[in-house]
Structure formats: structure tokens, C-alpha cells
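Just query-v4.txt here, compact mmCIF, C-alpha atoms and all ligand atoms:
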```
# COMPACT_ATOMS: atom_id res chain seq x y z
CA MET H 1 28.18 81.15 -8.61
CA LEU H 2 29.92 84.53 -8.92
CA SER H 3 32.03 85.44 -11.98
CA ALA H 4 35.41 87.18 -11.54
CA THR H 5 33.91 90.52 -12.59
CA GLU H 6 30.96 90.14 -10.21
CA LEU H 7 33.45 89.40 -7.39
CA GLU H 8 35.48 92.47 -8.34
CA LEU H 9 32.37 94.69 -8.48
CA LEU H 10 31.15 93.38 -5.13
CA MET H 11 34.54 94.04 -3.52
CA GLN H 12 34.52 97.61 -4.86
CA ASN H 13 30.99 98.14 -3.54
CA VAL H 14 31.91 96.97 -0.02
CA VAL H 15 35.16 98.97 0.11
CA PHE H 16 33.59 102.16 -1.26
CA ALA H 17 30.60 101.86 1.09
CA HIS H 18 33.07 101.73 4.01
CA GLN H 19 35.38 104.49 2.72
CA GLU H 20 32.48 106.90 2.10
CA THR H 21 30.87 106.35 5.51
CA CYS H 22 33.75 105.69 7.92
CA GLN H 23 33.16 109.09 9.75
CA PHE H 24 36.84 109.63 10.63
CA ARG H 25 39.45 109.36 7.88
CA GLN H 26 42.34 107.02 8.72
CA GLU H 27 44.97 109.65 7.88
CA ASN H 28 43.44 112.20 10.27
CA LEU H 29 43.22 109.61 13.05
CA GLN H 30 46.90 108.79 12.45
CA ILE H 31 48.00 112.45 12.57
CA LEU H 32 46.13 113.04 15.86
CA ARG H 33 47.06 109.74 17.53
CA TRP H 34 49.58 111.33 19.96
CA GLU H 35 47.29 114.26 20.81
CA THR H 36 46.10 113.31 24.30
CA PHE H 37 44.08 115.26 26.87
CA THR H 38 46.04 117.30 29.45
CA PRO H 39 45.58 116.31 33.13
CA GLU H 40 43.46 119.45 33.59
CA GLU H 41 41.21 118.58 30.64
CA MET H 42 40.97 115.00 31.96
CA GLN H 43 39.99 116.24 35.40
CA SER H 44 37.30 118.59 34.10
CA LEU H 45 35.78 115.82 31.98
CA GLN H 46 35.93 113.34 34.88
CA GLN H 47 34.09 115.79 37.10
CA LYS H 48 31.21 116.27 34.69
CA PRO H 49 27.90 115.09 36.20
CA MET H 50 26.91 111.58 35.09
CA ASP H 51 23.86 112.66 33.10
CA GLN H 52 25.79 115.32 31.18
CA MET H 53 28.54 112.88 30.19
CA TRP H 54 25.98 110.25 29.19
CA GLU H 55 24.11 112.73 27.06
CA ARG H 56 27.32 113.83 25.32
CA CYS H 57 28.39 110.25 24.62
CA VAL H 58 24.99 109.15 23.41
CA CYS H 59 24.98 112.07 20.98
CA HIS H 60 28.39 111.03 19.63
CA ILE H 61 27.18 107.43 19.37
CA THR H 62 24.02 108.50 17.56
CA ASP H 63 26.11 110.50 15.09
CA ALA H 64 28.25 107.43 14.49
CA ILE H 65 25.17 105.26 14.01
CA GLN H 66 23.96 107.55 11.23
CA TYR H 67 27.18 106.74 9.36
CA ILE H 68 26.65 103.03 10.02
CA VAL H 69 23.11 103.21 8.64
CA GLU H 70 24.55 104.96 5.56
CA PHE H 71 27.14 102.17 5.21
CA ALA H 72 24.38 99.56 5.25
CA LYS H 73 22.29 101.44 2.68
CA ARG H 74 25.23 101.51 0.25
CA LEU H 75 25.91 97.77 0.49
CA SER H 76 24.49 96.33 -2.75
CA GLY H 77 21.49 94.22 -1.91
CA PHE H 78 20.76 95.74 1.54
CA MET H 79 18.07 98.10 0.23
CA ASP H 80 16.44 95.19 -1.66
CA LEU H 81 15.86 93.38 1.63
CA ASN H 82 12.43 93.90 3.16
CA PRO H 83 12.26 96.92 5.53
CA ASN H 84 11.62 94.75 8.61
CA ASP H 85 14.81 92.78 7.97
CA GLN H 86 16.79 95.98 7.38
CA ILE H 87 15.78 97.18 10.88
CA VAL H 88 16.44 93.76 12.44
CA LEU H 89 19.96 93.74 10.96
CA LEU H 90 20.68 97.32 12.09
CA LYS H 91 19.26 96.79 15.60
CA ALA H 92 21.58 93.82 16.09
CA GLY H 93 24.55 95.12 14.11
CA ALA H 94 24.78 98.88 14.84
CA MET H 95 26.50 98.56 18.22
CA GLU H 96 28.80 95.82 16.89
CA LEU H 97 29.85 97.96 13.94
CA LEU H 98 30.40 100.87 16.38
CA LEU H 99 32.89 98.69 18.24
CA ILE H 100 34.62 97.53 15.05
CA ARG H 101 34.89 101.14 13.87
CA MET H 102 36.02 102.31 17.32
CA SER H 103 39.08 100.07 16.94
CA ARG H 104 40.15 102.14 13.89
CA ALA H 105 40.38 105.14 16.25
CA PHE H 106 42.16 103.30 19.03
CA ASN H 107 45.86 103.74 19.79
CA TRP H 108 46.85 100.29 21.09
CA TYR H 109 50.29 101.64 22.16
CA ASN H 110 48.92 103.81 24.99
CA SER H 111 45.35 102.41 25.12
CA THR H 112 43.65 105.65 24.16
CA VAL H 113 40.63 106.22 21.91
CA PHE H 114 39.68 109.20 19.76
CA PHE H 115 37.08 111.28 21.64
CA GLU H 116 36.05 114.89 20.88
CA GLY H 117 39.17 115.64 18.87
CA LYS H 118 41.89 114.03 21.03
CA TYR H 119 42.84 110.58 22.29
CA ALA H 120 41.36 109.71 25.69
CA GLN H 121 42.32 107.13 28.31
CA LEU H 122 39.78 104.85 29.95
CA GLU H 123 39.75 106.96 33.15
CA LEU H 124 38.37 109.95 31.24
CA PHE H 125 34.97 108.20 31.12
CA HIS H 126 34.87 107.70 34.90
CA SER H 127 31.78 109.81 35.52
CA LEU H 128 29.67 107.55 33.25
CA GLY H 129 29.63 104.96 36.00
CA CYS H 130 29.97 102.03 33.59
CA HIS H 131 33.62 101.12 33.94
CA ASP H 132 32.99 97.47 33.01
CA LEU H 133 31.33 98.41 29.70
CA ILE H 134 33.98 100.93 28.69
CA SER H 135 36.87 98.67 29.72
CA SER H 136 35.41 95.74 27.77
CA MET H 137 35.14 98.06 24.76
CA PHE H 138 38.80 99.05 25.21
CA GLU H 139 39.81 95.38 25.49
CA PHE H 140 37.87 94.58 22.33
CA CYS H 141 39.58 97.43 20.45
CA GLN H 142 42.96 96.27 21.76
CA SER H 143 42.36 92.73 20.47
CA LEU H 144 41.12 93.90 17.08
CA CYS H 145 44.09 96.30 16.70
CA ALA H 146 46.42 93.33 17.17
CA LEU H 147 45.20 92.00 13.79
CA ASN H 148 46.21 95.26 12.15
CA LEU H 149 43.30 95.06 9.67
CA SER H 150 43.52 97.04 6.45
CA GLU H 151 40.62 99.33 5.50
CA HIS H 152 39.58 96.69 2.92
CA GLU H 153 39.55 93.95 5.59
CA MET H 154 37.71 96.28 8.00
CA ALA H 155 35.08 96.95 5.29
CA PHE H 156 34.45 93.23 4.73
CA PHE H 157 34.45 92.40 8.44
CA SER H 158 31.87 95.16 9.01
CA ALA H 159 29.65 94.00 6.12
CA MET H 160 29.74 90.38 7.31
CA THR H 161 28.99 91.42 10.89
CA LEU H 162 25.98 93.44 9.73
CA LEU H 163 24.55 90.82 7.35
CA ASP H 164 24.11 88.11 9.94
CA PRO H 165 21.77 85.45 8.47
CA SER H 166 21.47 83.62 11.83
CA LEU H 167 19.47 86.47 13.44
CA HIS H 168 16.10 85.73 14.98
CA TRP H 169 13.04 87.59 13.53
CA LEU H 170 14.45 87.71 9.95
CA GLN H 171 11.55 87.22 7.51
CA GLU H 172 13.63 86.58 4.39
CA ARG H 173 16.62 84.78 5.91
CA HIS H 174 17.63 83.19 2.59
CA LYS H 175 18.08 86.63 1.00
CA VAL H 176 20.39 87.75 3.84
CA ASP H 177 22.20 84.41 3.63
CA THR H 178 22.82 84.80 -0.13
CA LEU H 179 24.22 88.31 0.42
CA TYR H 180 26.38 87.10 3.30
CA ARG H 181 27.82 84.21 1.26
CA LYS H 182 28.69 86.46 -1.69
CA ILE H 183 30.51 88.94 0.58
CA HIS H 184 32.27 86.10 2.41
CA LEU H 185 33.43 84.69 -0.94
CA ALA H 186 34.76 88.09 -2.07
CA PHE H 187 36.49 88.49 1.31
CA ARG H 188 38.16 85.05 1.03
CA ASN H 189 39.24 85.97 -2.50
CA LEU H 190 40.86 89.19 -1.23
CA LEU H 191 42.59 87.37 1.66
CA GLN H 192 44.00 84.70 -0.67
CA ARG H 193 45.42 87.34 -3.00
CA THR H 194 47.01 89.22 -0.08
CA HIS H 195 48.14 86.05 1.80
CA ARG H 196 46.09 87.09 4.86
CA GLU H 197 43.82 84.01 5.11
CA PHE H 198 45.00 83.42 8.71
CA ILE H 199 42.99 86.41 10.03
CA LEU H 200 39.71 84.54 9.33
CA THR H 201 40.40 82.33 12.36
CA LYS H 202 41.54 85.31 14.48
CA LEU H 203 38.63 87.71 13.93
CA PRO H 204 36.62 88.12 17.18
CA GLU H 205 33.75 85.64 17.23
CA LYS H 206 30.16 86.84 17.18
CA GLU H 207 29.59 85.97 20.85
CA LYS H 208 32.32 88.36 22.00
CA LEU H 209 30.75 91.26 20.13
CA SER H 210 27.23 90.50 21.24
CA SER H 211 28.22 90.00 24.90
CA ILE H 212 29.59 93.56 25.01
CA CYS H 213 26.42 94.79 23.33
CA GLN H 214 24.33 93.00 25.95
CA LEU H 215 26.34 94.87 28.61
CA HIS H 216 25.57 98.05 26.67
CA LEU H 217 21.83 97.46 26.84
CA GLU H 218 21.98 96.71 30.59
CA LYS H 219 23.95 99.90 31.23
CA LEU H 220 21.53 101.85 29.13
CA ASN H 221 18.59 100.52 31.15
CA ILE H 222 20.30 101.39 34.45
CA PHE H 223 20.96 104.90 33.14
CA ARG H 224 17.36 105.26 32.01
CA GLN H 225 16.08 104.28 35.44
CA MET H 226 18.38 106.86 37.05
CA TYR H 227 17.54 109.67 34.65
CA PRO H 228 14.19 108.77 33.01
CA SER H 229 13.54 112.30 31.72
CA ILE H 230 16.86 112.60 29.83
CA ALA H 231 16.51 109.24 28.14
CA TRP H 232 13.22 110.25 26.58
CA GLU H 233 13.59 113.97 26.01
CA ARG H 234 17.20 114.29 24.97
CA PHE H 235 18.25 110.98 23.47
CA PRO H 236 18.10 111.34 19.70
CA PRO H 237 15.16 109.47 18.06
CA LEU H 238 17.40 107.15 16.06
CA TYR H 239 19.04 105.96 19.29
CA LYS H 240 15.64 105.27 20.85
CA GLU H 241 14.48 103.47 17.72
CA LEU H 242 17.49 101.17 17.73
CA PHE H 243 18.21 100.63 21.42
CA ILE H 244 15.24 101.45 23.62
C1 LIG I 301 36.25 106.69 18.00
N1 LIG I 301 35.04 107.13 18.57
C2 LIG I 301 33.97 106.32 18.60
O1 LIG I 301 34.01 105.19 18.19
C3 LIG I 301 32.67 106.84 19.19
C4 LIG I 301 31.63 106.84 18.08
C5 LIG I 301 31.99 108.05 17.30
C6 LIG I 301 32.34 109.06 18.38
N2 LIG I 301 32.77 108.23 19.50
C7 LIG I 301 33.20 108.74 20.67
O2 LIG I 301 33.27 109.94 20.83
C8 LIG I 301 33.54 107.80 21.78
C9 LIG I 301 34.80 107.19 21.80
C10 LIG I 301 35.11 106.34 22.85
C11 LIG I 301 34.21 106.12 23.88
CL1 LIG I 301 34.61 105.05 25.17
C12 LIG I 301 32.98 106.74 23.87
C13 LIG I 301 32.04 106.52 25.01
O3 LIG I 301 31.25 105.44 24.65
C14 LIG I 301 30.12 105.20 25.38
C15 LIG I 301 29.79 105.89 26.52
C16 LIG I 301 28.60 105.56 27.19
C17 LIG I 301 27.76 104.57 26.74
C18 LIG I 301 28.11 103.89 25.58
C19 LIG I 301 27.31 102.90 25.04
C20 LIG I 301 25.98 102.57 25.68
F1 LIG I 301 26.17 101.99 26.84
F2 LIG I 301 25.23 103.64 25.81
F3 LIG I 301 25.33 101.78 24.89
C21 LIG I 301 27.67 102.24 23.91
C22 LIG I 301 28.88 102.59 23.30
C23 LIG I 301 29.33 101.89 22.05
N3 LIG I 301 29.69 103.54 23.76
C24 LIG I 301 29.31 104.19 24.90
C25 LIG I 301 32.63 107.57 22.82
CL2 LIG I 301 31.04 108.23 22.76
```
Turn this file's structure into C-alpha cells for me.
Amino acid sequence: MLSATELELLMQNVVFAHQETCQFRQENLQILRWETFTPEEMQSLQQKPMDQMWERCVCHITDAIQYIVEFAKRLSGFMDLNPNDQIVLLKAGAMELLLIRMSRAFNWYNSTVFFEGKYAQLELFHSLGCHDLISSMFEFCQSLCALNLSEHEMAFFSAMTLLDPSLHWLQERHKVDTLYRKIHLAFRNLLQRTHREFILTKLPEKEKLSSICQLHLEKLNIFRQMYPSIAWERFPPLYKELFI
């Protein structure tokens, strides 16, 4: 059982871990939210060769994943898990946390997402040749934006998504489960105090997140078959470690 102070300390740990590793500050994303790409800029990005655009995006994603790894490392208890389980959790959770974090940088009003300093429409990513993946990511962001999560709620949702005790291959499942339950308790406590309990039933279910991530892995494999050299030479090592 957790005491009131332990709950408070745990909540602070989760919120600080998120705030210190969220990559883009909320206030900056807000200021820039009406800065969109001009038609000329759109056109030049849409005409980029597929491999160039993929390489650019994978680099941005790899950057973002470094922040997600840092978030995990700061969650109290994560570093006490055995190294195998830490990798298992990050392999399964990195892409999901990317999507959750992407929704913070999504402008639901005009369906644009923060990309290289401005807000981009779906069409900008045309040359990637994976319209279904990108549009399902946009849809996911749209649905998560509708909940209008606070940074505190976003922090808890991210931590709970990462610390998934139901994952296959976990060696010390009970340790992940204990961590998960503590964080879930602290989250419920926060929601009760802020009268936001209803969002627990509205958060996207696990399957939704993992189905998009499955699509991601398929797309990645197609891309690798098309451009085998790039995937190995120029994809950053962390990306290969987690996704290839
Ligand atoms: C707000 N910005 C962001 O969230 C991301 C992470 C931080 C920087 N960033 C972007 O610049 C960004 C924003 C929006 C979009 Cl749609 C993209 C393009 O995303 C992708 C293009 C290609 C493949 C992607 C794949 C695939 F398939 F490789 F696994 C998987 C993910 C998740 N995103 C892909 C990117 Cl890279």
C-alpha cells in the first residue's frame, strides 16, 4: 500500500520525468501552432526523393526516441528493472510514446503537426509513400487531442503505456506490474482530485496504439527492401537496435 507522501513523490517523479524530456516545450508549440509551410515549401518537400525524406524523418524519430529513453530512465524503478526487461519495454513502447508525444505537437483545428520548425499537413509527407501509416498517425493524434490532456495526464499516460506488464518476453513481470500499479494508483488519485476520472475510459486502448506500430514496422520493412543500403548505413544505431 502507498502512503499519501509516497503517492505525492511518485506523482512528482512521473511529471518531472516528462517535463524534463518532452523535447518540445508546450509553450513553444503553442506559439508556433499557426506557422504553416507555404505552398512553395510544401511543393519542394513533396518533391524530395523517397529515400531522402525517409532518412530525414528517421533521423527526427531517432532524436525523439533518445528523449523517450531518457524519460524511461528517470521513472523511479525503471533502472532497477533487469536490463533485458528495460529493452523489451522500450522496444514495445518507444513508437507508442512517439505517437502520444506527437499529439502534443498536433493542431487539431487544421490537422497539422509540428515538423522541422513549422506545422505540416498530411500531404507534405507524400513522397514517403506510406500514406496509410501517416494518416493513421494523424487520426490517432486527432483522437487524443479531443481529450485535451494536461501535461500531468500526458506524463501518466506515457508512463503507463511504457510500463506494460502484459508484454511477452518480460523476465521479471511482477516487478513491472508493481511499478505499473503504483503509477496507475497515483494517476487515479490525480484524476479524482481534478474531477477528470472520465478520461480513463476514453484513453485510446492498447490495441489501437500497437496496430499503428505494426503498420510502422511493415512500412519500415518495405522501405528497407527498396533501399537496403540506406537502412543499414544511414539509419542511426539506436533506431536499428529498437526497430530492425
Ligand atoms: C511532433 N513531431 C514528432 O512527433 C516527430 C518526432 C519528433 C520530430 N518529429 C517529426 O519531425 C515528425 C512529425 C510528424 C511526422 Cl508525420 C513525421 C514523419 O513521421 C514518420 C515518417 C516516416 C516513417 C515514420 C515511422 C516509421 F514508419 F518509420 F516507423 C514512424 C513514425 C512514428 N513516424 C514516421 C515526423 Cl518525423
Per residue of chain H within 7 Å of ligand LIG 301 (chain I), what are the shortest atom pair and its distance in Å to one decimal, counting only C-alpha atoms and all ligand atoms, with rows by chain and residue number, as JSON lines?
```
{"residue": "H:Trp54", "atom": "CA", "partner": "I:LIG301", "partner_atom": "C16", "distance": 5.7}
{"residue": "H:Cys57", "atom": "CA", "partner": "I:LIG301", "partner_atom": "CL2", "distance": 3.8}
{"residue": "H:Val58", "atom": "CA", "partner": "I:LIG301", "partner_atom": "F2", "distance": 6.0}
{"residue": "H:His60", "atom": "CA", "partner": "I:LIG301", "partner_atom": "C6", "distance": 4.6}
{"residue": "H:Ile61", "atom": "CA", "partner": "I:LIG301", "partner_atom": "C4", "distance": 4.7}
{"residue": "H:Asp63", "atom": "CA", "partner": "I:LIG301", "partner_atom": "C5", "distance": 6.7}
{"residue": "H:Ala64", "atom": "CA", "partner": "I:LIG301", "partner_atom": "C5", "distance": 4.7}
{"residue": "H:Met95", "atom": "CA", "partner": "I:LIG301", "partner_atom": "C23", "distance": 5.8}
{"residue": "H:Leu98", "atom": "CA", "partner": "I:LIG301", "partner_atom": "C23", "distance": 5.9}
{"residue": "H:Leu99", "atom": "CA", "partner": "I:LIG301", "partner_atom": "C23", "distance": 6.1}
{"residue": "H:Arg101", "atom": "CA", "partner": "I:LIG301", "partner_atom": "O1", "distance": 6.0}
{"residue": "H:Met102", "atom": "CA", "partner": "I:LIG301", "partner_atom": "O1", "distance": 3.6}
{"residue": "H:Ala105", "atom": "CA", "partner": "I:LIG301", "partner_atom": "C1", "distance": 4.7}
{"residue": "H:Phe106", "atom": "CA", "partner": "I:LIG301", "partner_atom": "C1", "distance": 6.9}
{"residue": "H:Val113", "atom": "CA", "partner": "I:LIG301", "partner_atom": "C10", "distance": 5.6}
{"residue": "H:Phe114", "atom": "CA", "partner": "I:LIG301", "partner_atom": "C1", "distance": 4.6}
{"residue": "H:Phe115", "atom": "CA", "partner": "I:LIG301", "partner_atom": "O2", "distance": 4.1}
{"residue": "H:Glu116", "atom": "CA", "partner": "I:LIG301", "partner_atom": "O2", "distance": 5.7}
{"residue": "H:Phe125", "atom": "CA", "partner": "I:LIG301", "partner_atom": "CL1", "distance": 6.7}
{"residue": "H:Leu128", "atom": "CA", "partner": "I:LIG301", "partner_atom": "C16", "distance": 6.5}
{"residue": "H:Leu133", "atom": "CA", "partner": "I:LIG301", "partner_atom": "F1", "distance": 6.9}
{"residue": "H:Ile134", "atom": "CA", "partner": "I:LIG301", "partner_atom": "CL1", "distance": 5.5}
{"residue": "H:His216", "atom": "CA", "partner": "I:LIG301", "partner_atom": "F1", "distance": 4.0}
{"residue": "H:Leu217", "atom": "CA", "partner": "I:LIG301", "partner_atom": "F3", "distance": 5.9}
{"residue": "H:Lys219", "atom": "CA", "partner": "I:LIG301", "partner_atom": "F1", "distance": 5.3}
{"residue": "H:Leu220", "atom": "CA", "partner": "I:LIG301", "partner_atom": "F1", "distance": 5.2}
```
Rounded to one decimal in Å, what is the spacing between CA of Leu163 in chain H and CA of Gly93 in chain H?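 These two atoms are separated by 8.0 Å.
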Between CA of Leu144 in chain H and CA of Val88 in chain H, what distance in Å does the model show, to one decimal?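 Rounded to one decimal, the two atoms are 25.1 Å apart.
You can rank H:Glu35, H:Glu241, H:Glu205, H:Glu6 by their closest distance to Asn110 in chain H using all atoms listed in the file, and at the top of that list sits H:Glu35.
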Nearest residue to Asp51 in chain H from the set H:Phe37, H:Gly129, H:His195, H:Gly77 (distances using only C-alpha atoms): H:Gly129
For Leu75 in chain H, which of H:Glu20, H:Glu55, H:Glu96, H:Glu27 is the closest residue, counting all atoms listed in the file?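 The answer is H:Glu20, which sits nearest to Leu75 in chain H.
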Up to 12 Å from (22.0, 107.3, 8.6) in the file's coordinates: name the residues, counting all atoms listed in the file, as an NGL selection string. :H and (21-23 or 61-74 or 90 or 94 or 237-239 or 242)
With distances taken over all atoms listed in the file, which residue among H:Ser76, H:Gln225, H:Glu8, H:Glu153 lies nearest Glu197 in chain H? H:Glu153
Let me make sure I understand: among H:Ile87, H:Met50, H:Ala120, H:Leu162, which one has the smallest atom-to-atom distance to Trp34 in chain H if we use only C-alpha atoms?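 Closest residue, counting only C-alpha atoms: H:Ala120.
Distance annotation: of H:Trp108, H:Asn148, H:Leu32, H:Leu179, the residue with the minimal separation from Asp80 in chain H is H:Leu179; atom set is all atoms listed in the file.
Atom to atom, CA of Asn13 in chain H and CA of His152 in chain H stand 10.8 Å apart.
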Protein/DNA/RNA residues near (34.1, 96.6, 28.3), cut 12 Å, only C-alpha atoms, as a list in words: Leu99, Leu122, Phe125, Cys130, His131, Asp132, Leu133, Ile134, Ser135, Ser136, Met137, Phe138, Glu139, Phe140, Cys141, Gln142, Lys208, Leu209, Ser210, Ser211, Ile212, Cys213, Gln214, Leu215, His216 and Lys219 of chain H
Do a neighbour search on Leu200 in chain H at 10 Å with all atoms listed in the file, toss out local chain neighbours closer than 2 positions, and write the hits as a PyMOL selection string. chain H and resi 157+187-188+191+196-198+202-205
